[in-house]
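A.B. asks: My file is start27.cif. It has mmCIF, C-alpha atoms and all ligand atoms:
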```
data_model
#
loop_
_atom_site.group_PDB
_atom_site.id
_atom_site.type_symbol
_atom_site.label_atom_id
_atom_site.label_comp_id
_atom_site.auth_asym_id
_atom_site.auth_seq_id
_atom_site.Cartn_x
_atom_site.Cartn_y
_atom_site.Cartn_z
ATOM 1 C CA MET D 19 6.767 68.775 -39.868
ATOM 2 C CA SER D 20 6.474 65.246 -38.522
ATOM 3 C CA LEU D 21 3.082 64.019 -37.431
ATOM 4 C CA LEU D 22 4.520 62.969 -34.083
ATOM 5 C CA GLU D 23 7.712 64.101 -32.501
ATOM 6 C CA VAL D 24 8.944 62.740 -29.185
ATOM 7 C CA ARG D 25 11.787 64.691 -27.607
ATOM 8 C CA GLY D 26 13.882 63.601 -24.659
ATOM 9 C CA LEU D 27 11.282 61.381 -23.074
ATOM 10 C CA SER D 28 12.183 60.023 -19.655
ATOM 11 C CA LEU D 29 9.787 58.131 -17.441
ATOM 12 C CA TRP D 30 9.775 56.899 -13.881
ATOM 13 C CA TYR D 31 7.290 54.694 -12.041
ATOM 14 C CA GLY D 32 7.974 55.796 -8.464
ATOM 15 C CA ASP D 33 11.758 55.459 -8.091
ATOM 16 C CA ASN D 34 12.030 53.011 -10.959
ATOM 17 C CA ARG D 35 13.285 54.706 -14.102
ATOM 18 C CA VAL D 36 12.038 52.960 -17.240
ATOM 19 C CA LEU D 37 12.743 55.392 -20.134
ATOM 20 C CA TYR D 38 15.982 57.295 -20.757
ATOM 21 C CA ASP D 39 15.917 60.316 -23.045
ATOM 22 C CA VAL D 40 13.927 58.670 -25.828
ATOM 23 C CA SER D 41 13.589 60.779 -28.986
ATOM 24 C CA PHE D 42 12.072 59.876 -32.327
ATOM 25 C CA SER D 43 9.599 61.123 -34.865
ATOM 26 C CA ILE D 44 7.146 59.646 -37.311
ATOM 27 C CA GLY D 45 6.030 61.115 -40.603
ATOM 28 C CA ARG D 46 2.667 60.836 -42.330
ATOM 29 C CA GLY D 47 2.099 57.561 -44.113
ATOM 30 C CA GLU D 48 4.826 55.790 -42.192
ATOM 31 C CA VAL D 49 4.828 52.573 -40.162
ATOM 32 C CA LEU D 50 7.335 52.781 -37.324
ATOM 33 C CA CYS D 51 8.087 49.559 -35.473
ATOM 34 C CA ILE D 52 9.363 49.516 -31.911
ATOM 35 C CA VAL D 53 11.090 46.273 -31.010
ATOM 36 C CA GLY D 54 12.809 45.152 -27.844
ATOM 37 C CA GLU D 55 12.739 42.552 -25.131
ATOM 38 C CA SER D 56 9.868 42.293 -22.713
ATOM 39 C CA GLY D 57 10.249 45.005 -20.066
ATOM 40 C CA SER D 58 12.327 47.304 -22.276
ATOM 41 C CA GLY D 59 9.678 50.040 -22.095
ATOM 42 C CA LYS D 60 7.811 49.660 -25.389
ATOM 43 C CA SER D 61 4.303 49.873 -23.931
ATOM 44 C CA SER D 62 5.387 52.714 -21.650
ATOM 45 C CA ILE D 63 6.252 54.818 -24.708
ATOM 46 C CA LEU D 64 2.745 54.292 -26.111
ATOM 47 C CA TYR D 65 1.057 55.058 -22.788
ATOM 48 C CA SER D 66 3.155 58.220 -22.492
ATOM 49 C CA ILE D 67 1.955 59.375 -25.910
ATOM 50 C CA LEU D 68 -1.656 58.664 -24.983
ATOM 51 C CA GLY D 69 -1.365 60.226 -21.535
ATOM 52 C CA LEU D 70 -2.587 57.054 -19.879
ATOM 53 C CA LEU D 71 0.072 56.644 -17.210
ATOM 54 C CA PRO D 72 -0.569 55.460 -13.643
ATOM 55 C CA PRO D 73 -0.582 58.061 -10.846
ATOM 56 C CA ASN D 74 2.923 57.108 -9.646
ATOM 57 C CA ALA D 75 4.430 57.927 -13.037
ATOM 58 C CA ARG D 76 6.600 60.974 -13.667
ATOM 59 C CA LEU D 77 7.323 62.054 -17.205
ATOM 60 C CA GLU D 78 9.941 64.431 -18.590
ATOM 61 C CA GLY D 79 10.301 65.552 -22.176
ATOM 62 C CA GLU D 80 7.975 66.743 -24.890
ATOM 63 C CA ILE D 81 5.576 65.022 -27.250
ATOM 64 C CA TYR D 82 4.281 66.965 -30.244
ATOM 65 C CA PHE D 83 1.316 65.602 -32.141
ATOM 66 C CA ASP D 84 0.408 67.592 -35.226
ATOM 67 C CA GLY D 85 2.286 70.526 -33.687
ATOM 68 C CA VAL D 86 0.455 70.343 -30.319
ATOM 69 C CA GLU D 87 2.490 69.559 -27.214
ATOM 70 C CA LEU D 88 0.614 66.774 -25.442
ATOM 71 C CA THR D 89 2.284 66.375 -22.058
ATOM 72 C CA THR D 90 1.056 69.739 -20.772
ATOM 73 C CA LEU D 91 -2.504 69.434 -22.114
ATOM 74 C CA LYS D 92 -5.476 69.246 -19.788
ATOM 75 C CA GLU D 93 -7.057 65.814 -19.455
ATOM 76 C CA SER D 94 -10.218 67.033 -21.186
ATOM 77 C CA GLU D 95 -8.138 68.105 -24.190
ATOM 78 C CA ARG D 96 -6.205 64.854 -24.259
ATOM 79 C CA ARG D 97 -9.411 62.869 -24.222
ATOM 80 C CA LYS D 98 -10.493 64.623 -27.414
ATOM 81 C CA ILE D 99 -7.274 63.536 -29.125
ATOM 82 C CA ARG D 100 -7.442 59.936 -27.900
ATOM 83 C CA GLY D 101 -9.542 57.915 -30.276
ATOM 84 C CA LYS D 102 -10.041 60.715 -32.776
ATOM 85 C CA GLY D 103 -6.512 61.877 -33.532
ATOM 86 C CA ILE D 104 -4.627 58.960 -32.032
ATOM 87 C CA GLY D 105 -6.143 55.472 -31.980
ATOM 88 C CA MET D 106 -4.848 52.699 -29.769
ATOM 89 C CA VAL D 107 -4.959 48.917 -29.877
ATOM 90 C CA PHE D 108 -3.999 47.661 -26.432
ATOM 91 C CA GLN D 109 -1.917 44.620 -25.646
ATOM 92 C CA GLU D 110 -4.839 42.621 -24.249
ATOM 93 C CA PRO D 111 -7.629 44.343 -26.089
ATOM 94 C CA SER D 112 -10.441 41.895 -25.521
ATOM 95 C CA SER D 113 -10.615 42.793 -21.839
ATOM 96 C CA TYR D 114 -11.628 46.320 -22.878
ATOM 97 C CA LEU D 115 -14.889 45.119 -24.437
ATOM 98 C CA ASP D 116 -18.023 45.428 -22.337
ATOM 99 C CA PRO D 117 -19.761 42.024 -22.095
ATOM 100 C CA LEU D 118 -23.183 43.676 -21.773
ATOM 101 C CA PHE D 119 -23.242 45.458 -25.130
ATOM 102 C CA THR D 120 -23.076 44.208 -28.698
ATOM 103 C CA VAL D 121 -19.726 44.694 -30.352
ATOM 104 C CA GLY D 122 -21.279 46.830 -33.076
ATOM 105 C CA SER D 123 -22.815 49.226 -30.587
ATOM 106 C CA GLN D 124 -19.457 49.589 -28.852
ATOM 107 C CA ILE D 125 -17.790 50.544 -32.121
ATOM 108 C CA ALA D 126 -20.618 52.919 -33.078
ATOM 109 C CA GLU D 127 -20.517 54.500 -29.641
ATOM 110 C CA THR D 128 -16.845 55.330 -30.027
ATOM 111 C CA PHE D 129 -17.661 57.124 -33.255
ATOM 112 C CA GLU D 130 -20.563 59.040 -31.694
ATOM 113 C CA ALA D 131 -18.446 60.070 -28.721
ATOM 114 C CA HIS D 132 -16.143 61.994 -31.046
ATOM 115 C CA PHE D 133 -18.673 62.907 -33.732
ATOM 116 C CA PRO D 134 -21.938 63.572 -31.884
ATOM 117 C CA GLU D 135 -23.460 64.973 -35.085
ATOM 118 C CA GLY D 136 -22.785 61.646 -36.811
ATOM 119 C CA LYS D 137 -25.367 59.534 -34.985
ATOM 120 C CA LYS D 138 -27.214 58.633 -38.173
ATOM 121 C CA GLU D 139 -24.163 57.288 -39.916
ATOM 122 C CA SER D 140 -22.550 55.627 -36.906
ATOM 123 C CA ARG D 141 -23.846 52.158 -37.729
ATOM 124 C CA GLU D 142 -22.521 52.347 -41.263
ATOM 125 C CA ARG D 143 -19.201 53.674 -39.976
ATOM 126 C CA ALA D 144 -18.976 50.827 -37.497
ATOM 127 C CA VAL D 145 -19.657 48.176 -40.127
ATOM 128 C CA ASN D 146 -17.046 49.760 -42.408
ATOM 129 C CA ALA D 147 -14.502 49.774 -39.600
ATOM 130 C CA MET D 148 -15.272 46.095 -38.943
ATOM 131 C CA ARG D 149 -14.676 45.277 -42.590
ATOM 132 C CA LYS D 150 -11.469 47.269 -42.574
ATOM 133 C CA ALA D 151 -10.284 45.356 -39.516
ATOM 134 C CA GLY D 152 -10.765 42.141 -41.483
ATOM 135 C CA ILE D 153 -14.008 40.875 -39.919
ATOM 136 C CA PRO D 154 -15.899 38.655 -42.361
ATOM 137 C CA LYS D 155 -19.696 39.122 -42.532
ATOM 138 C CA ALA D 156 -19.407 42.342 -40.580
ATOM 139 C CA GLU D 157 -23.156 43.088 -40.800
ATOM 140 C CA GLU D 158 -23.956 39.840 -39.003
ATOM 141 C CA LYS D 159 -21.295 40.295 -36.351
ATOM 142 C CA PHE D 160 -22.521 43.818 -35.541
ATOM 143 C CA GLY D 161 -25.306 42.543 -33.265
ATOM 144 C CA MET D 162 -23.252 39.915 -31.456
ATOM 145 C CA TYR D 163 -21.966 40.073 -27.900
ATOM 146 C CA PRO D 164 -18.263 39.696 -27.107
ATOM 147 C CA HIS D 165 -18.689 36.191 -25.635
ATOM 148 C CA GLN D 166 -20.163 34.977 -28.928
ATOM 149 C CA LEU D 167 -16.940 35.762 -30.785
ATOM 150 C CA SER D 168 -13.573 34.029 -30.880
ATOM 151 C CA GLY D 169 -10.476 35.693 -29.441
ATOM 152 C CA GLY D 170 -9.233 36.614 -32.890
ATOM 153 C CA LEU D 171 -12.545 38.274 -33.770
ATOM 154 C CA LYS D 172 -12.658 40.176 -30.481
ATOM 155 C CA GLN D 173 -9.154 41.397 -31.251
ATOM 156 C CA ARG D 174 -10.384 42.680 -34.616
ATOM 157 C CA VAL D 175 -13.393 44.343 -32.950
ATOM 158 C CA CYS D 176 -10.922 46.270 -30.802
ATOM 159 C CA ILE D 177 -9.018 47.219 -33.921
ATOM 160 C CA ALA D 178 -12.296 48.388 -35.485
ATOM 161 C CA ILE D 179 -12.874 50.566 -32.408
ATOM 162 C CA SER D 180 -9.408 52.033 -32.773
ATOM 163 C CA VAL D 181 -9.890 53.003 -36.433
ATOM 164 C CA VAL D 182 -13.587 53.955 -36.545
ATOM 165 C CA CYS D 183 -12.782 57.665 -36.137
ATOM 166 C CA GLU D 184 -10.038 57.385 -38.767
ATOM 167 C CA PRO D 185 -7.247 58.683 -36.536
ATOM 168 C CA SER D 186 -4.147 60.003 -38.274
ATOM 169 C CA LEU D 187 -1.960 57.968 -35.919
ATOM 170 C CA LEU D 188 -2.601 54.421 -34.736
ATOM 171 C CA LEU D 189 -0.654 52.962 -31.826
ATOM 172 C CA ALA D 190 -0.723 49.183 -31.779
ATOM 173 C CA ASP D 191 0.783 47.189 -28.923
ATOM 174 C CA GLU D 192 1.628 43.639 -30.032
ATOM 175 C CA PRO D 193 -1.648 43.507 -31.987
ATOM 176 C CA THR D 194 -0.930 40.228 -33.747
ATOM 177 C CA THR D 195 0.477 38.244 -30.851
ATOM 178 C CA ALA D 196 -1.481 35.060 -30.183
ATOM 179 C CA LEU D 197 -3.399 35.304 -33.448
ATOM 180 C CA ASP D 198 -3.229 32.679 -36.138
ATOM 181 C CA VAL D 199 -1.406 33.463 -39.342
ATOM 182 C CA SER D 200 -4.448 34.222 -41.506
ATOM 183 C CA VAL D 201 -5.831 36.690 -38.973
ATOM 184 C CA GLN D 202 -2.400 38.223 -38.611
ATOM 185 C CA LYS D 203 -2.290 38.734 -42.389
ATOM 186 C CA ARG D 204 -5.593 40.625 -42.348
ATOM 187 C CA ILE D 205 -4.347 42.917 -39.628
ATOM 188 C CA LEU D 206 -1.072 43.582 -41.379
ATOM 189 C CA ASN D 207 -3.096 44.375 -44.500
ATOM 190 C CA LEU D 208 -4.997 46.963 -42.527
ATOM 191 C CA PHE D 209 -1.732 48.653 -41.539
ATOM 192 C CA ARG D 210 -0.629 48.722 -45.166
ATOM 193 C CA ARG D 211 -3.946 50.212 -46.158
ATOM 194 C CA LEU D 212 -3.748 52.878 -43.462
ATOM 195 C CA ARG D 213 -0.292 53.792 -44.695
ATOM 196 C CA SER D 214 -1.549 54.089 -48.266
ATOM 197 C CA GLU D 215 -4.205 56.497 -46.959
ATOM 198 C CA GLY D 216 -1.455 58.672 -45.477
ATOM 199 C CA LYS D 217 -2.117 57.505 -41.916
ATOM 200 C CA SER D 218 0.751 56.614 -39.593
ATOM 201 C CA VAL D 219 1.199 53.593 -37.364
ATOM 202 C CA ILE D 220 3.467 52.870 -34.423
ATOM 203 C CA LEU D 221 3.625 49.136 -34.111
ATOM 204 C CA VAL D 222 5.116 47.549 -31.012
ATOM 205 C CA THR D 223 6.147 43.991 -31.666
ATOM 206 C CA HIS D 224 8.814 41.483 -30.804
ATOM 207 C CA ASP D 225 8.197 39.698 -34.085
ATOM 208 C CA PHE D 226 10.717 40.679 -36.752
ATOM 209 C CA GLY D 227 8.624 38.778 -39.284
ATOM 210 C CA VAL D 228 5.922 41.417 -38.750
ATOM 211 C CA VAL D 229 8.521 44.182 -38.973
ATOM 212 C CA ALA D 230 9.730 42.831 -42.311
ATOM 213 C CA GLU D 231 6.188 42.711 -43.694
ATOM 214 C CA VAL D 232 4.919 46.186 -42.831
ATOM 215 C CA GLY D 233 7.642 48.281 -41.190
ATOM 216 C CA ASP D 234 9.230 51.317 -42.789
ATOM 217 C CA ARG D 235 11.471 52.287 -39.923
ATOM 218 C CA VAL D 236 12.541 50.480 -36.761
ATOM 219 C CA LEU D 237 13.495 51.619 -33.276
ATOM 220 C CA VAL D 238 15.304 49.084 -31.147
ATOM 221 C CA LEU D 239 14.729 49.582 -27.452
ATOM 222 C CA LYS D 240 16.845 48.099 -24.690
ATOM 223 C CA ASP D 241 16.359 48.817 -20.990
ATOM 224 C CA GLY D 242 14.504 52.034 -21.773
ATOM 225 C CA ARG D 243 17.028 53.374 -24.285
ATOM 226 C CA ILE D 244 16.977 53.494 -28.065
ATOM 227 C CA VAL D 245 20.060 51.519 -29.033
ATOM 228 C CA GLU D 246 19.473 51.436 -32.770
ATOM 229 C CA GLU D 247 17.299 53.192 -35.304
ATOM 230 C CA GLY D 248 17.095 52.768 -39.041
ATOM 231 C CA ASN D 249 14.997 51.798 -41.993
ATOM 232 C CA VAL D 250 13.884 48.200 -42.203
ATOM 233 C CA TYR D 251 16.497 47.237 -44.799
ATOM 234 C CA GLU D 252 19.379 48.654 -42.775
ATOM 235 C CA ILE D 253 18.279 46.896 -39.632
ATOM 236 C CA PHE D 254 17.877 43.535 -41.357
ATOM 237 C CA ASP D 255 20.978 43.718 -43.534
ATOM 238 C CA SER D 256 23.475 45.250 -41.182
ATOM 239 C CA PRO D 257 22.363 45.572 -37.578
ATOM 240 C CA LYS D 258 24.888 47.698 -35.722
ATOM 241 C CA GLU D 259 24.145 46.336 -32.271
ATOM 242 C CA SER D 260 24.690 42.793 -31.087
ATOM 243 C CA TYR D 261 21.408 43.194 -29.166
ATOM 244 C CA THR D 262 19.572 43.749 -32.469
ATOM 245 C CA GLU D 263 21.301 40.711 -33.945
ATOM 246 C CA MET D 264 20.186 38.722 -30.951
ATOM 247 C CA LEU D 265 16.567 39.848 -31.449
ATOM 248 C CA LEU D 266 16.821 39.055 -35.157
ATOM 249 C CA SER D 267 18.201 35.609 -34.527
ATOM 250 C CA ALA D 268 15.093 34.845 -32.479
ATOM 251 C CA ILE D 269 12.923 34.675 -35.640
HETATM 252 N N1 LIG B 301 2.265 50.691 -13.855
HETATM 253 C C1 LIG B 301 3.538 50.356 -13.601
HETATM 254 N N2 LIG B 301 4.084 50.571 -12.376
HETATM 255 C C2 LIG B 301 5.372 50.246 -12.142
HETATM 256 N N3 LIG B 301 6.201 49.694 -13.032
HETATM 257 C C3 LIG B 301 5.715 49.454 -14.264
HETATM 258 C C4 LIG B 301 4.360 49.758 -14.608
HETATM 259 N N4 LIG B 301 4.172 49.417 -15.910
HETATM 260 C C5 LIG B 301 5.343 48.906 -16.340
HETATM 261 N N5 LIG B 301 6.270 48.919 -15.355
HETATM 262 C C6 LIG B 301 7.681 48.491 -15.479
HETATM 263 O O1 LIG B 301 8.285 49.314 -16.484
HETATM 264 C C7 LIG B 301 9.170 48.553 -17.285
HETATM 265 C C8 LIG B 301 8.786 48.694 -18.751
HETATM 266 O O2 LIG B 301 7.522 48.060 -18.927
HETATM 267 P P1 LIG B 301 6.752 48.081 -20.322
HETATM 268 O O3 LIG B 301 6.708 49.467 -20.842
HETATM 269 O O4 LIG B 301 5.458 47.393 -20.102
HETATM 270 O O5 LIG B 301 7.735 47.191 -21.228
HETATM 271 P P2 LIG B 301 7.424 46.346 -22.542
HETATM 272 O O6 LIG B 301 6.142 46.818 -23.123
HETATM 273 O O7 LIG B 301 8.607 46.577 -23.413
HETATM 274 O O8 LIG B 301 7.363 44.906 -22.111
HETATM 275 C C9 LIG B 301 9.112 47.118 -16.749
HETATM 276 O O9 LIG B 301 10.201 46.951 -15.874
HETATM 277 C C10 LIG B 301 7.814 47.086 -16.001
HETATM 278 O O10 LIG B 301 7.884 46.164 -14.938
HETATM 279 MG MG MG B 302 4.399 45.807 -23.503
#
```
As structure tokens, please, write out the structure in this file.
Ligand SMILES: Nc1ncnc2c1ncn2[C@@H]1O[C@H](COP(=O)(O)OP(=O)(O)O)[C@@H](O)[C@H]1O
Ligand SMILES: [Mg+2]
C.D. replies:
Amino acid sequence: MSLLEVRGLSLWYGDNRVLYDVSFSIGRGEVLCIVGESGSGKSSILYSILGLLPPNARLEGEIYFDGVELTTLKESERRKIRGKGIGMVFQEPSSYLDPLFTVGSQIAETFEAHFPEGKKESRERAVNAMRKAGIPKAEEKFGMYPHQLSGGLKQRVCIAISVVCEPSLLLADEPTTALDVSVQKRILNLFRRLRSEGKSVILVTHDFGVVAEVGDRVLVLKDGRIVEEGNVYEIFDSPKESYTEMLLSAI
């Protein structure tokens, strides 16, 4: 059984339909990339999985995570899965950090929220997550406030938050956009490491360079529809759709 299975997902914001019968699945230890132009619905797929849609949204279809159908779960149940079972790195993650608390305490707090019995080890867990996210001198950075860190470091703090509970599925929305190449490398390394631990990643990106480095399988999304799906080699060697070729030629 796949770790995540999305069946016939359709989504509307008010009268505006943005997803059309989207179906895909992801196995354990797999990195699935979703590529497509801006506005094609990539982020909307991730928000649908997380159950973080705005009030005007209407969703049809089914989403199974580890055998549990998510779309009909109560909010209290979904909240337990978010963070612990499914981690998320948002598109503009730094804005999710609270300026009034040290970054370390924000990571530790996420751990404690899901593992209340783990208070004693939360600091150690947080520092480990920071290291995993590629933060140098993690111990020192633990006590710093968001404004004391560069954008790239704040981004990695958000990644540390998303992995501190060791979720089996990580959703990452353009996590390496606007980061310099060395930082990008560290983050891509993290995805490889998660995969080697049997964890799964859905990576939204418009950067085929990133796809080539870490992707196993690719979904190509256009105007809310999957127009092509295949393993990374197939997509690079013989794209079936001219749209995919167009995206590829943008590298
Ligand atoms: N909260 C919202 N309310 C209404 N329309 C939205 C909302 N969020 C996104 N959209 C629209 O849905 C479409 C898909 O957006 P999105 O999923 O963010 O695409 P992508 O991540 O591929 O750029 C776009 O046309 C966007 O304008
Ligand atoms: Mg987006």
A.B. asks: Dump the neighbourhood of ligand LIG 301 (chain B) as an MDAnalysis selection string: all residues within 12 Å, distances computed on all atoms listed in the file.
C.D. replies: chainID D and resid 28:38 52:66 70:76 108:110 190:192 221:224 238:244
A.B. asks: Expand the PyMOL selection byres (((chain D and resi 47-51) around 8) and not hetatm) into the individual residues it matches in the shown file, reporting them as a PyMOL selection string.
C.D. replies: chain D and resi 44-46+52-53+209+212-223+229+232-237
A.B. asks: Find, counting all atoms listed in the file, the residue in D:Leu118, D:Val250, D:Val107, D:Cys183 that gets nearest to ligand MG 302 (chain B).
C.D. replies: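 Distance minimum relative to ligand MG 302 (chain B) lands on D:Val107.
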A.B. asks: Fewer than 4 positions away in the same chain doesn't count, so skip those; otherwise give me all residues within 12 Å of Tyr114 of chain D, counting only C-alpha atoms, as an mmCIF file with C-alpha atoms, keeping the file's coordinate frame.
C.D. replies:
```
data_model
loop_
_atom_site.group_PDB
_atom_site.id
_atom_site.type_symbol
_atom_site.label_atom_id
_atom_site.label_comp_id
_atom_site.auth_asym_id
_atom_site.auth_seq_id
_atom_site.Cartn_x
_atom_site.Cartn_y
_atom_site.Cartn_z
ATOM 1 C CA MET D 106 -4.848 52.699 -29.769
ATOM 2 C CA VAL D 107 -4.959 48.917 -29.877
ATOM 3 C CA PHE D 108 -3.999 47.661 -26.432
ATOM 4 C CA GLN D 109 -1.917 44.620 -25.646
ATOM 5 C CA GLU D 110 -4.839 42.621 -24.249
ATOM 6 C CA LEU D 118 -23.183 43.676 -21.773
ATOM 7 C CA PHE D 119 -23.242 45.458 -25.130
ATOM 8 C CA VAL D 121 -19.726 44.694 -30.352
ATOM 9 C CA GLN D 124 -19.457 49.589 -28.852
ATOM 10 C CA ILE D 125 -17.790 50.544 -32.121
ATOM 11 C CA PRO D 164 -18.263 39.696 -27.107
ATOM 12 C CA LYS D 172 -12.658 40.176 -30.481
ATOM 13 C CA GLN D 173 -9.154 41.397 -31.251
ATOM 14 C CA VAL D 175 -13.393 44.343 -32.950
ATOM 15 C CA CYS D 176 -10.922 46.270 -30.802
ATOM 16 C CA ILE D 177 -9.018 47.219 -33.921
ATOM 17 C CA ILE D 179 -12.874 50.566 -32.408
ATOM 18 C CA SER D 180 -9.408 52.033 -32.773
#
```
A.B. asks: Please compute the atom CA of Ala144 of chain D-atom CA of Ser168 of chain D distance, one decimal, in Å.
C.D. replies: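 Atom CA of Ser168 of chain D lies at a distance of 18.8 Å from atom CA of Ala144 of chain D.
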A.B. asks: Within 9 Å of segment 157-162 of chain D, counting only C-alpha atoms, which residues show up once you throw out same-chain ones fewer than 2 positions away? Write them as an MDAnalysis selection string, please.
C.D. replies: chainID D and resid 119:123 125 141 144:145 148:149 153:155 164:167
A.B. asks: Please produce an output containing C-alpha atoms for each residue in the selection, written as a compact mmCIF listing (two decimals), in the coordinates of the input.
C.D. replies:
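Printed below is out-v8.txt as written:
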```
# COMPACT_ATOMS: atom_id res chain seq x y z
CA PHE D 119 -23.24 45.46 -25.13
CA THR D 120 -23.08 44.21 -28.70
CA VAL D 121 -19.73 44.69 -30.35
CA GLY D 122 -21.28 46.83 -33.08
CA SER D 123 -22.82 49.23 -30.59
CA ILE D 125 -17.79 50.54 -32.12
CA ARG D 141 -23.85 52.16 -37.73
CA ALA D 144 -18.98 50.83 -37.50
CA VAL D 145 -19.66 48.18 -40.13
CA MET D 148 -15.27 46.10 -38.94
CA ARG D 149 -14.68 45.28 -42.59
CA ILE D 153 -14.01 40.88 -39.92
CA PRO D 154 -15.90 38.66 -42.36
CA LYS D 155 -19.70 39.12 -42.53
CA PRO D 164 -18.26 39.70 -27.11
CA HIS D 165 -18.69 36.19 -25.64
CA GLN D 166 -20.16 34.98 -28.93
CA LEU D 167 -16.94 35.76 -30.78
```
A.B. asks: Go through D:Asp198, D:Tyr261, D:Ser20, D:Pro193 one by one, measure the shortest atom-to-atom distance of each to ligand MG 302 (chain B) using all atoms listed in the file, and give the residue with the smallest value.
C.D. replies: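 Checking each candidate against ligand MG 302 (chain B), we get D:Pro193 as the closest.
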A.B. asks: Starting from the shown file, work through the PyMOL selection byres (((chain D and resi 41) around 10) and not hetatm) and note down what comes out as a PyMOL selection string.
C.D. replies: chain D and resi 23-28+38-40+42-43+79-81+243-244
A.B. asks: If I take atom CA of Leu266 of chain D and atom CA of Gly248 of chain D, how far is one from the other in Å, to one decimal?
C.D. replies: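 Going from atom CA of Leu266 of chain D over to atom CA of Gly248 of chain D covers 14.3 Å.
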A.B. asks: One decimal, Å: what's the distance from atom CA of Phe83 of chain D over to atom CA of Leu21 of chain D, could you say?
C.D. replies: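 Atom-to-atom, atom CA of Phe83 of chain D and atom CA of Leu21 of chain D are spaced 5.8 Å apart.
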A.B. asks: Return the single residue from D:Thr195, D:Ala147, D:Glu263, D:Arg97 that is closest to ligand MG 302 (chain B), with distances computed using all atoms listed in the file.
C.D. replies: D:Thr195
A.B. asks: When distances are computed from only C-alpha atoms, which of D:Asp225, D:Val199, D:Glu95, D:Ile104 shows the smallest separation from Ile67 of chain D?
C.D. replies: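 Of all the options, D:Ile104 lies closest to Ile67 of chain D.
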A.B. asks: Given 8 Å of margin on each side, can you work out the centre and size in Å (one decimal) of an axis-aligned box holding every listed atom of segment 90-104 of chain D, as lines of an AutoDock Vina configuration file?
C.D. replies:
```
center_x = -4.7
center_y = 63.8
center_z = -26.5
size_x = 27.5
size_y = 27.8
size_z = 30.1
```
A.B. asks: Using only C-alpha atoms and a cutoff of 9 Å, can you tell me which residues are near (-4.7, 65.6, -30.3) in the file's coordinates, and write them out as number ranges by chain?
C.D. replies: D: 83-84, 86-88, 95-100, 102-104
A.B. asks: So that I have them on file, write out the residues from the current selection with C-alpha atoms, as a PDB file, in the coordinates of the input.
C.D. replies:
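That gives us result-v4.pdb:
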```pdb
ATOM      1  CA  PHE D  83       1.316  65.602 -32.141  1.00  0.00           C
ATOM      2  CA  ASP D  84       0.408  67.592 -35.226  1.00  0.00           C
ATOM      3  CA  VAL D  86       0.455  70.343 -30.319  1.00  0.00           C
ATOM      4  CA  GLU D  87       2.490  69.559 -27.214  1.00  0.00           C
ATOM      5  CA  LEU D  88       0.614  66.774 -25.442  1.00  0.00           C
ATOM      6  CA  GLU D  95      -8.138  68.105 -24.190  1.00  0.00           C
ATOM      7  CA  ARG D  96      -6.205  64.854 -24.259  1.00  0.00           C
ATOM      8  CA  ARG D  97      -9.411  62.869 -24.222  1.00  0.00           C
ATOM      9  CA  LYS D  98     -10.493  64.623 -27.414  1.00  0.00           C
ATOM     10  CA  ILE D  99      -7.274  63.536 -29.125  1.00  0.00           C
ATOM     11  CA  ARG D 100      -7.442  59.936 -27.900  1.00  0.00           C
ATOM     12  CA  LYS D 102     -10.041  60.715 -32.776  1.00  0.00           C
ATOM     13  CA  GLY D 103      -6.512  61.877 -33.532  1.00  0.00           C
ATOM     14  CA  ILE D 104      -4.627  58.960 -32.032  1.00  0.00           C
TER      15      ILE D 104
END
```
A.B. asks: Between D:Thr262, D:Leu189, D:Pro117, D:Val182, which residue has the minimum interatomic distance to Ser140 of chain D, considering all atoms listed in the file?
C.D. replies: D:Val182
